[in-house]
Amino acid sequence: DAEITQSPRHKITETGRQVTLACHQTWNHNNMFWYRQDLGHGLRLIHYSYGVQDTNKGEVSDGYSVSRSNTEDLPLTLESAASSQTSVYFCASSPGTSGSLEQFFGPGTRLTVL
Amino acid sequence: RKEVEQDPGPFNVPEGATVAFNCTYSNSASQSFFWYRQDCRKEPKLLMSVYSSGNEDGRFTAQLNRASQYISLLIRDSKLSDSATYLCVVNTGGNQFYFGTGTSLTVIP
């Protein structure tokens, strides 16, 4: 069955380190998204991509970067991790071209920055 | 002002009760509306889209009021398995989605 996976599921890192969170989907969806979820906030969009080589900034993109070298993967990189980036990160994908706006979410990565 | 606002609850209701959640949005040009369900420590999953004419899926009814800029979700005959957080989601065009903070529902035996 097609799916969307994230790795690692849990990560503890130190301030200043570079961290990369992986997201892989096997639906062949064009659109992929990264969100963070914090108490008191809804999911907030970090970056998104409409297809290979396309990336766009979302609402809270500072300190994060993404790259899209193929359809299946959209890794999220924290260039220099900060304690404010402690959060749960969700990757999502959607078809983009079929008219459906439904987003399918991965299981999430819980990141702690000490 | 937040794009999407929801009453966080919690809503604690007995089994069999009817419960309703509202969600307001600030952008009058918003185009599409959804309710997602999120179980504790899990990923959000689409519950239902919300259409202008209102729509029903079993025990769940969603409605949109464009004039007042709110959407609602009604759950009839609540089940224990309905306990979750319900997220209101608004699409303002393209792939710009805004999520509410969620409304927590606990259905009590």
# chains A, B, ... in the order shown; residues from 1 in each chain; ligands from 1
>>> residues_around(residues="Thr71 in chain A", least_positions_apart="4", cutoff="8 Å", atoms="only C-alpha atoms", output="JSON, numbers by chain")
{"A": [28, 29, 30, 51, 52]}
>>> write_last_selection(atoms="N, CA, C and O atoms", output="PDB file, in the first residue's frame")
ATOM      1  N   ASN A  28       3.299   9.027  -5.239  1.00  0.00           N
ATOM      2  CA  ASN A  28       3.623   9.793  -6.431  1.00  0.00           C
ATOM      3  C   ASN A  28       2.886  11.140  -6.450  1.00  0.00           C
ATOM      4  O   ASN A  28       2.546  11.663  -7.518  1.00  0.00           O
ATOM      5  N   HIS A  29       2.650  11.686  -5.264  1.00  0.00           N
ATOM      6  CA  HIS A  29       1.999  12.984  -5.158  1.00  0.00           C
ATOM      7  C   HIS A  29       2.945  14.101  -5.567  1.00  0.00           C
ATOM      8  O   HIS A  29       4.131  14.065  -5.257  1.00  0.00           O
ATOM      9  N   ASN A  30       2.386  15.107  -6.229  1.00  0.00           N
ATOM     10  CA  ASN A  30       3.193  16.261  -6.619  1.00  0.00           C
ATOM     11  C   ASN A  30       3.513  17.164  -5.424  1.00  0.00           C
ATOM     12  O   ASN A  30       4.600  17.700  -5.312  1.00  0.00           O
ATOM     13  N   GLY A  51       6.500  20.210  -6.715  1.00  0.00           N
ATOM     14  CA  GLY A  51       7.077  19.218  -7.604  1.00  0.00           C
ATOM     15  C   GLY A  51       8.589  19.257  -7.533  1.00  0.00           C
ATOM     16  O   GLY A  51       9.179  20.062  -6.792  1.00  0.00           O
ATOM     17  N   VAL A  52       9.221  18.399  -8.310  1.00  0.00           N
ATOM     18  CA  VAL A  52      10.675  18.298  -8.294  1.00  0.00           C
ATOM     19  C   VAL A  52      11.305  19.652  -8.617  1.00  0.00           C
ATOM     20  O   VAL A  52      10.854  20.359  -9.522  1.00  0.00           O
TER      21      VAL A  52
END
>>> interface_residues(of="chain A", to="chain B", cutoff="12 Å", atoms="only C-alpha atoms", output="PDB file with N, CA and C atoms, in the first residue's frame")
ATOM      1  N   ILE A   4       3.130   7.309   3.514  1.00  0.00           N
ATOM      2  CA  ILE A   4       4.071   8.394   3.749  1.00  0.00           C
ATOM      3  C   ILE A   4       4.762   8.107   5.073  1.00  0.00           C
ATOM      4  N   THR A   5       6.061   8.126   5.063  1.00  0.00           N
ATOM      5  CA  THR A   5       6.833   7.789   6.255  1.00  0.00           C
ATOM      6  C   THR A   5       7.760   8.933   6.623  1.00  0.00           C
ATOM      7  N   GLN A   6       8.089   8.990   7.905  1.00  0.00           N
ATOM      8  CA  GLN A   6       9.014  10.003   8.405  1.00  0.00           C
ATOM      9  C   GLN A   6      10.063   9.306   9.255  1.00  0.00           C
ATOM     10  N   ARG A   9      11.602   8.988  14.124  1.00  0.00           N
ATOM     11  CA  ARG A   9      10.349   9.305  14.805  1.00  0.00           C
ATOM     12  C   ARG A   9      10.610  10.176  16.039  1.00  0.00           C
ATOM     13  N   ASN A  30       2.386  15.107  -6.229  1.00  0.00           N
ATOM     14  CA  ASN A  30       3.193  16.261  -6.619  1.00  0.00           C
ATOM     15  C   ASN A  30       3.513  17.164  -5.424  1.00  0.00           C
ATOM     16  N   ASN A  31       2.512  17.368  -4.571  1.00  0.00           N
ATOM     17  CA  ASN A  31       2.659  18.355  -3.503  1.00  0.00           C
ATOM     18  C   ASN A  31       3.113  17.708  -2.199  1.00  0.00           C
ATOM     19  N   MET A  32       4.085  18.334  -1.568  1.00  0.00           N
ATOM     20  CA  MET A  32       4.530  17.878  -0.261  1.00  0.00           C
ATOM     21  C   MET A  32       4.706  19.090   0.655  1.00  0.00           C
ATOM     22  N   PHE A  33       4.493  18.862   1.946  1.00  0.00           N
ATOM     23  CA  PHE A  33       4.466  19.950   2.924  1.00  0.00           C
ATOM     24  C   PHE A  33       5.194  19.525   4.191  1.00  0.00           C
ATOM     25  N   TRP A  34       5.754  20.517   4.878  1.00  0.00           N
ATOM     26  CA  TRP A  34       6.248  20.310   6.228  1.00  0.00           C
ATOM     27  C   TRP A  34       5.538  21.287   7.158  1.00  0.00           C
ATOM     28  N   TYR A  35       5.051  20.735   8.273  1.00  0.00           N
ATOM     29  CA  TYR A  35       4.395  21.530   9.302  1.00  0.00           C
ATOM     30  C   TYR A  35       5.082  21.266  10.645  1.00  0.00           C
ATOM     31  N   ARG A  36       4.925  22.219  11.557  1.00  0.00           N
ATOM     32  CA  ARG A  36       5.265  21.972  12.944  1.00  0.00           C
ATOM     33  C   ARG A  36       4.013  22.184  13.772  1.00  0.00           C
ATOM     34  N   GLN A  37       3.904  21.425  14.851  1.00  0.00           N
ATOM     35  CA  GLN A  37       2.737  21.528  15.721  1.00  0.00           C
ATOM     36  C   GLN A  37       3.202  21.767  17.146  1.00  0.00           C
ATOM     37  N   ASP A  38       2.736  22.872  17.712  1.00  0.00           N
ATOM     38  CA  ASP A  38       3.091  23.260  19.080  1.00  0.00           C
ATOM     39  C   ASP A  38       1.820  23.553  19.856  1.00  0.00           C
ATOM     40  N   LEU A  39       1.897  23.368  21.175  1.00  0.00           N
ATOM     41  CA  LEU A  39       0.754  23.684  22.028  1.00  0.00           C
ATOM     42  C   LEU A  39       0.358  25.145  21.838  1.00  0.00           C
ATOM     43  N   GLY A  40      -0.935  25.382  21.715  1.00  0.00           N
ATOM     44  CA  GLY A  40      -1.425  26.749  21.562  1.00  0.00           C
ATOM     45  C   GLY A  40      -1.403  27.258  20.139  1.00  0.00           C
ATOM     46  N   HIS A  41      -0.848  26.454  19.251  1.00  0.00           N
ATOM     47  CA  HIS A  41      -0.830  26.813  17.826  1.00  0.00           C
ATOM     48  C   HIS A  41      -1.392  25.660  17.022  1.00  0.00           C
ATOM     49  N   GLY A  42      -2.007  25.978  15.908  1.00  0.00           N
ATOM     50  CA  GLY A  42      -2.373  24.917  14.985  1.00  0.00           C
ATOM     51  C   GLY A  42      -1.130  24.458  14.270  1.00  0.00           C
ATOM     52  N   LEU A  43      -1.302  23.515  13.362  1.00  0.00           N
ATOM     53  CA  LEU A  43      -0.166  23.154  12.530  1.00  0.00           C
ATOM     54  C   LEU A  43       0.232  24.387  11.716  1.00  0.00           C
ATOM     55  N   ARG A  44       1.518  24.670  11.688  1.00  0.00           N
ATOM     56  CA  ARG A  44       1.989  25.828  10.948  1.00  0.00           C
ATOM     57  C   ARG A  44       2.910  25.371   9.831  1.00  0.00           C
ATOM     58  N   LEU A  45       2.693  25.939   8.670  1.00  0.00           N
ATOM     59  CA  LEU A  45       3.410  25.517   7.473  1.00  0.00           C
ATOM     60  C   LEU A  45       4.832  26.063   7.477  1.00  0.00           C
ATOM     61  N   ILE A  46       5.795  25.184   7.257  1.00  0.00           N
ATOM     62  CA  ILE A  46       7.199  25.578   7.242  1.00  0.00           C
ATOM     63  C   ILE A  46       7.670  25.792   5.805  1.00  0.00           C
ATOM     64  N   HIS A  47       7.561  24.758   5.014  1.00  0.00           N
ATOM     65  CA  HIS A  47       7.911  24.822   3.585  1.00  0.00           C
ATOM     66  C   HIS A  47       6.973  23.900   2.823  1.00  0.00           C
ATOM     67  N   TYR A  48       6.871  24.135   1.525  1.00  0.00           N
ATOM     68  CA  TYR A  48       6.100  23.219   0.701  1.00  0.00           C
ATOM     69  C   TYR A  48       6.694  23.169  -0.700  1.00  0.00           C
ATOM     70  N   SER A  49       6.281  22.124  -1.428  1.00  0.00           N
ATOM     71  CA  SER A  49       6.822  21.911  -2.770  1.00  0.00           C
ATOM     72  C   SER A  49       5.709  21.418  -3.684  1.00  0.00           C
ATOM     73  N   TYR A  50       5.674  21.980  -4.892  1.00  0.00           N
ATOM     74  CA  TYR A  50       4.681  21.565  -5.873  1.00  0.00           C
ATOM     75  C   TYR A  50       5.215  20.499  -6.828  1.00  0.00           C
ATOM     76  N   ASN A  56       9.018  26.244  -1.667  1.00  0.00           N
ATOM     77  CA  ASN A  56       8.421  27.525  -1.305  1.00  0.00           C
ATOM     78  C   ASN A  56       8.402  27.680   0.206  1.00  0.00           C
ATOM     79  N   LYS A  57       8.537  28.920   0.647  1.00  0.00           N
ATOM     80  CA  LYS A  57       8.512  29.185   2.078  1.00  0.00           C
ATOM     81  C   LYS A  57       7.079  29.265   2.571  1.00  0.00           C
ATOM     82  N   GLY A  58       6.904  28.754   3.768  1.00  0.00           N
ATOM     83  CA  GLY A  58       5.620  28.861   4.416  1.00  0.00           C
ATOM     84  C   GLY A  58       5.639  29.931   5.479  1.00  0.00           C
ATOM     85  N   GLU A  59       4.721  29.802   6.406  1.00  0.00           N
ATOM     86  CA  GLU A  59       4.507  30.806   7.442  1.00  0.00           C
ATOM     87  C   GLU A  59       5.687  30.940   8.398  1.00  0.00           C
ATOM     88  N   VAL A  88       6.814  19.011  17.332  1.00  0.00           N
ATOM     89  CA  VAL A  88       6.469  17.818  16.558  1.00  0.00           C
ATOM     90  C   VAL A  88       6.333  18.247  15.103  1.00  0.00           C
ATOM     91  N   TYR A  89       7.029  17.555  14.234  1.00  0.00           N
ATOM     92  CA  TYR A  89       7.056  17.905  12.821  1.00  0.00           C
ATOM     93  C   TYR A  89       6.282  16.861  12.019  1.00  0.00           C
ATOM     94  N   PHE A  90       5.364  17.366  11.194  1.00  0.00           N
ATOM     95  CA  PHE A  90       4.585  16.494  10.324  1.00  0.00           C
ATOM     96  C   PHE A  90       4.867  16.826   8.868  1.00  0.00           C
ATOM     97  N   CYS A  91       5.085  15.789   8.114  1.00  0.00           N
ATOM     98  CA  CYS A  91       5.178  15.898   6.673  1.00  0.00           C
ATOM     99  C   CYS A  91       3.833  15.476   6.096  1.00  0.00           C
ATOM    100  N   ALA A  92       3.445  16.062   4.983  1.00  0.00           N
ATOM    101  CA  ALA A  92       2.184  15.712   4.342  1.00  0.00           C
ATOM    102  C   ALA A  92       2.357  15.760   2.828  1.00  0.00           C
ATOM    103  N   SER A  93       1.471  15.063   2.137  1.00  0.00           N
ATOM    104  CA  SER A  93       1.481  15.140   0.677  1.00  0.00           C
ATOM    105  C   SER A  93       0.048  15.184   0.173  1.00  0.00           C
ATOM    106  N   SER A  94      -0.115  15.707  -1.022  1.00  0.00           N
ATOM    107  CA  SER A  94      -1.428  15.713  -1.670  1.00  0.00           C
ATOM    108  C   SER A  94      -1.217  15.597  -3.172  1.00  0.00           C
ATOM    109  N   PRO A  95      -2.230  15.095  -3.869  1.00  0.00           N
ATOM    110  CA  PRO A  95      -2.053  14.841  -5.304  1.00  0.00           C
ATOM    111  C   PRO A  95      -1.674  16.088  -6.091  1.00  0.00           C
ATOM    112  N   GLY A  96      -2.375  17.185  -5.842  1.00  0.00           N
ATOM    113  CA  GLY A  96      -2.049  18.450  -6.494  1.00  0.00           C
ATOM    114  C   GLY A  96      -2.693  18.637  -7.853  1.00  0.00           C
ATOM    115  N   THR A  97      -2.834  17.579  -8.614  1.00  0.00           N
ATOM    116  CA  THR A  97      -3.329  17.752  -9.971  1.00  0.00           C
ATOM    117  C   THR A  97      -4.716  17.165 -10.186  1.00  0.00           C
ATOM    118  N   GLY A  99      -7.351  17.642  -8.373  1.00  0.00           N
ATOM    119  CA  GLY A  99      -8.414  18.472  -7.814  1.00  0.00           C
ATOM    120  C   GLY A  99      -8.633  18.238  -6.347  1.00  0.00           C
ATOM    121  N   SER A 100      -8.163  17.115  -5.819  1.00  0.00           N
ATOM    122  CA  SER A 100      -8.345  16.840  -4.404  1.00  0.00           C
ATOM    123  C   SER A 100      -7.338  17.640  -3.587  1.00  0.00           C
ATOM    124  N   LEU A 101      -7.825  18.283  -2.549  1.00  0.00           N
ATOM    125  CA  LEU A 101      -6.946  19.029  -1.665  1.00  0.00           C
ATOM    126  C   LEU A 101      -6.627  18.248  -0.397  1.00  0.00           C
ATOM    127  N   GLU A 102      -7.117  17.015  -0.301  1.00  0.00           N
ATOM    128  CA  GLU A 102      -6.860  16.250   0.913  1.00  0.00           C
ATOM    129  C   GLU A 102      -5.373  16.045   1.083  1.00  0.00           C
ATOM    130  N   GLN A 103      -4.902  16.288   2.289  1.00  0.00           N
ATOM    131  CA  GLN A 103      -3.504  16.057   2.622  1.00  0.00           C
ATOM    132  C   GLN A 103      -3.392  14.782   3.436  1.00  0.00           C
ATOM    133  N   PHE A 104      -2.376  13.997   3.132  1.00  0.00           N
ATOM    134  CA  PHE A 104      -2.099  12.758   3.845  1.00  0.00           C
ATOM    135  C   PHE A 104      -0.839  13.003   4.669  1.00  0.00           C
ATOM    136  N   PHE A 105      -0.962  12.764   5.962  1.00  0.00           N
ATOM    137  CA  PHE A 105       0.130  13.090   6.868  1.00  0.00           C
ATOM    138  C   PHE A 105       0.963  11.872   7.250  1.00  0.00           C
ATOM    139  N   GLY A 106       2.251  12.118   7.435  1.00  0.00           N
ATOM    140  CA  GLY A 106       3.108  11.106   8.013  1.00  0.00           C
ATOM    141  C   GLY A 106       2.888  11.023   9.512  1.00  0.00           C
ATOM    142  N   PRO A 107       3.533  10.061  10.173  1.00  0.00           N
ATOM    143  CA  PRO A 107       3.301   9.828  11.602  1.00  0.00           C
ATOM    144  C   PRO A 107       3.930  10.864  12.522  1.00  0.00           C
ATOM    145  N   GLY A 108       4.771  11.736  11.976  1.00  0.00           N
ATOM    146  CA  GLY A 108       5.365  12.787  12.792  1.00  0.00           C
ATOM    147  C   GLY A 108       6.745  12.439  13.320  1.00  0.00           C
ATOM    148  N   THR A 109       7.534  13.486  13.553  1.00  0.00           N
ATOM    149  CA  THR A 109       8.845  13.364  14.200  1.00  0.00           C
ATOM    150  C   THR A 109       8.849  14.295  15.396  1.00  0.00           C
ATOM    151  N   ARG A 110       9.143  13.726  16.547  1.00  0.00           N
ATOM    152  CA  ARG A 110       9.222  14.546  17.772  1.00  0.00           C
ATOM    153  C   ARG A 110      10.659  14.949  17.969  1.00  0.00           C
TER     154      ARG A 110
END
>>> residues_around(residues="Ile12 in chain A", least_positions_apart="5", cutoff="7 Å", atoms="only C-alpha atoms", output="list in words")
Leu111, Thr112 and Val113 of chain A
>>> write_last_selection(atoms="N, CA and C atoms", output="PDB file, in the first residue's frame")
ATOM      1  N   LEU A 111      10.936  16.240  17.832  1.00  0.00           N
ATOM      2  CA  LEU A 111      12.294  16.767  17.929  1.00  0.00           C
ATOM      3  C   LEU A 111      12.459  17.574  19.201  1.00  0.00           C
ATOM      4  N   THR A 112      13.507  17.263  19.938  1.00  0.00           N
ATOM      5  CA  THR A 112      13.862  18.019  21.134  1.00  0.00           C
ATOM      6  C   THR A 112      15.245  18.615  20.939  1.00  0.00           C
ATOM      7  N   VAL A 113      15.348  19.918  21.126  1.00  0.00           N
ATOM      8  CA  VAL A 113      16.630  20.613  21.003  1.00  0.00           C
ATOM      9  C   VAL A 113      17.038  21.090  22.399  1.00  0.00           C
TER      10      VAL A 113
END
>>> closest_residue(among="B:Arg59, B:Gly93, B:Ser68, B:Ala84", to="Thr18 in chain B", atoms="only C-alpha atoms")
B:Arg59
>>> decode(residues="range 61-73 of chain B", atoms="all heavy atoms", output="CSV table (one decimal), in the first residue's frame")
chain,number,residue,atom,x,y,z
B,61,THR,N,-22.1,15.9,10.5
B,61,THR,CA,-22.7,16.9,9.6
B,61,THR,C,-21.8,18.1,9.7
B,61,THR,O,-21.5,18.6,10.7
B,61,THR,CB,-24.1,17.2,10.0
B,61,THR,OG1,-24.9,16.1,9.9
B,61,THR,CG2,-24.6,18.3,9.0
B,62,ALA,N,-21.4,18.6,8.5
B,62,ALA,CA,-20.6,19.8,8.4
B,62,ALA,C,-21.3,20.9,7.7
B,62,ALA,O,-22.1,20.6,6.7
B,62,ALA,CB,-19.3,19.5,7.7
B,63,GLN,N,-21.2,22.1,8.2
B,63,GLN,CA,-21.9,23.2,7.5
B,63,GLN,C,-20.9,24.4,7.4
B,63,GLN,O,-20.0,24.6,8.2
B,63,GLN,CB,-23.1,23.6,8.3
B,63,GLN,CG,-24.2,22.5,8.2
B,63,GLN,CD,-25.6,23.0,8.7
B,63,GLN,OE1,-25.6,23.7,9.7
B,63,GLN,NE2,-26.6,22.7,7.9
B,64,LEU,N,-21.2,25.2,6.4
B,64,LEU,CA,-20.4,26.4,6.1
B,64,LEU,C,-21.3,27.6,6.1
B,64,LEU,O,-22.4,27.6,5.4
B,64,LEU,CB,-19.7,26.2,4.7
B,64,LEU,CG,-19.1,27.5,4.1
B,64,LEU,CD1,-17.9,28.0,5.0
B,64,LEU,CD2,-18.6,27.2,2.7
B,65,ASN,N,-21.0,28.6,6.7
B,65,ASN,CA,-21.7,29.9,6.7
B,65,ASN,C,-20.7,31.0,6.2
B,65,ASN,O,-19.9,31.5,7.0
B,65,ASN,CB,-22.3,30.2,8.1
B,65,ASN,CG,-23.1,31.5,8.1
B,65,ASN,OD1,-22.8,32.5,7.5
B,65,ASN,ND2,-24.3,31.4,8.8
B,66,ARG,N,-20.8,31.3,4.9
B,66,ARG,CA,-19.8,32.2,4.4
B,66,ARG,C,-20.1,33.7,4.9
B,66,ARG,O,-19.2,34.4,5.1
B,66,ARG,CB,-19.9,32.2,2.9
B,66,ARG,CG,-19.2,31.0,2.2
B,66,ARG,CD,-19.0,31.2,0.7
B,66,ARG,NE,-18.4,30.1,0.1
B,66,ARG,CZ,-17.1,29.9,0.0
B,66,ARG,NH1,-16.2,30.8,0.5
B,66,ARG,NH2,-16.6,28.8,-0.6
B,67,ALA,N,-21.3,34.0,5.1
B,67,ALA,CA,-21.7,35.4,5.5
B,67,ALA,C,-21.0,35.7,6.9
B,67,ALA,O,-20.5,36.8,7.1
B,67,ALA,CB,-23.2,35.5,5.6
B,68,SER,N,-21.1,34.7,7.8
B,68,SER,CA,-20.5,34.9,9.1
B,68,SER,C,-19.1,34.3,9.2
B,68,SER,O,-18.5,34.4,10.3
B,68,SER,CB,-21.5,34.3,10.2
B,68,SER,OG,-22.7,34.8,10.1
B,69,GLN,N,-18.6,33.7,8.2
B,69,GLN,CA,-17.3,33.1,8.2
B,69,GLN,C,-17.0,32.1,9.3
B,69,GLN,O,-16.1,32.3,10.1
B,69,GLN,CB,-16.2,34.3,8.2
B,69,GLN,CG,-16.3,35.1,6.9
B,69,GLN,CD,-15.3,36.2,6.8
B,69,GLN,OE1,-15.4,37.2,6.1
B,69,GLN,NE2,-14.1,36.0,7.5
B,70,TYR,N,-17.9,31.1,9.3
B,70,TYR,CA,-17.6,30.0,10.2
B,70,TYR,C,-18.1,28.7,9.6
B,70,TYR,O,-18.9,28.7,8.7
B,70,TYR,CB,-18.3,30.3,11.6
B,70,TYR,CG,-19.8,30.0,11.7
B,70,TYR,CD1,-20.3,28.7,11.9
B,70,TYR,CD2,-20.7,31.1,11.6
B,70,TYR,CE1,-21.6,28.5,12.0
B,70,TYR,CE2,-22.0,30.9,11.7
B,70,TYR,CZ,-22.5,29.6,11.9
B,70,TYR,OH,-23.9,29.4,12.0
B,71,ILE,N,-17.4,27.7,10.1
B,71,ILE,CA,-17.9,26.3,9.7
B,71,ILE,C,-18.2,25.6,11.0
B,71,ILE,O,-17.7,25.9,12.1
B,71,ILE,CB,-16.8,25.6,8.9
B,71,ILE,CG1,-15.5,25.3,9.7
B,71,ILE,CG2,-16.5,26.4,7.6
B,71,ILE,CD1,-14.6,24.4,8.9
B,72,SER,N,-19.0,24.6,10.9
B,72,SER,CA,-19.4,23.8,12.1
B,72,SER,C,-19.3,22.3,11.8
B,72,SER,O,-19.4,21.9,10.6
B,72,SER,CB,-20.8,24.2,12.5
B,72,SER,OG,-21.7,23.8,11.5
B,73,LEU,N,-19.2,21.6,12.9
B,73,LEU,CA,-19.2,20.1,12.8
B,73,LEU,C,-20.1,19.6,13.9
B,73,LEU,O,-20.0,20.0,15.0
B,73,LEU,CB,-17.8,19.6,13.0
B,73,LEU,CG,-17.7,18.0,13.0
B,73,LEU,CD1,-18.0,17.5,11.7
B,73,LEU,CD2,-16.3,17.6,13.5
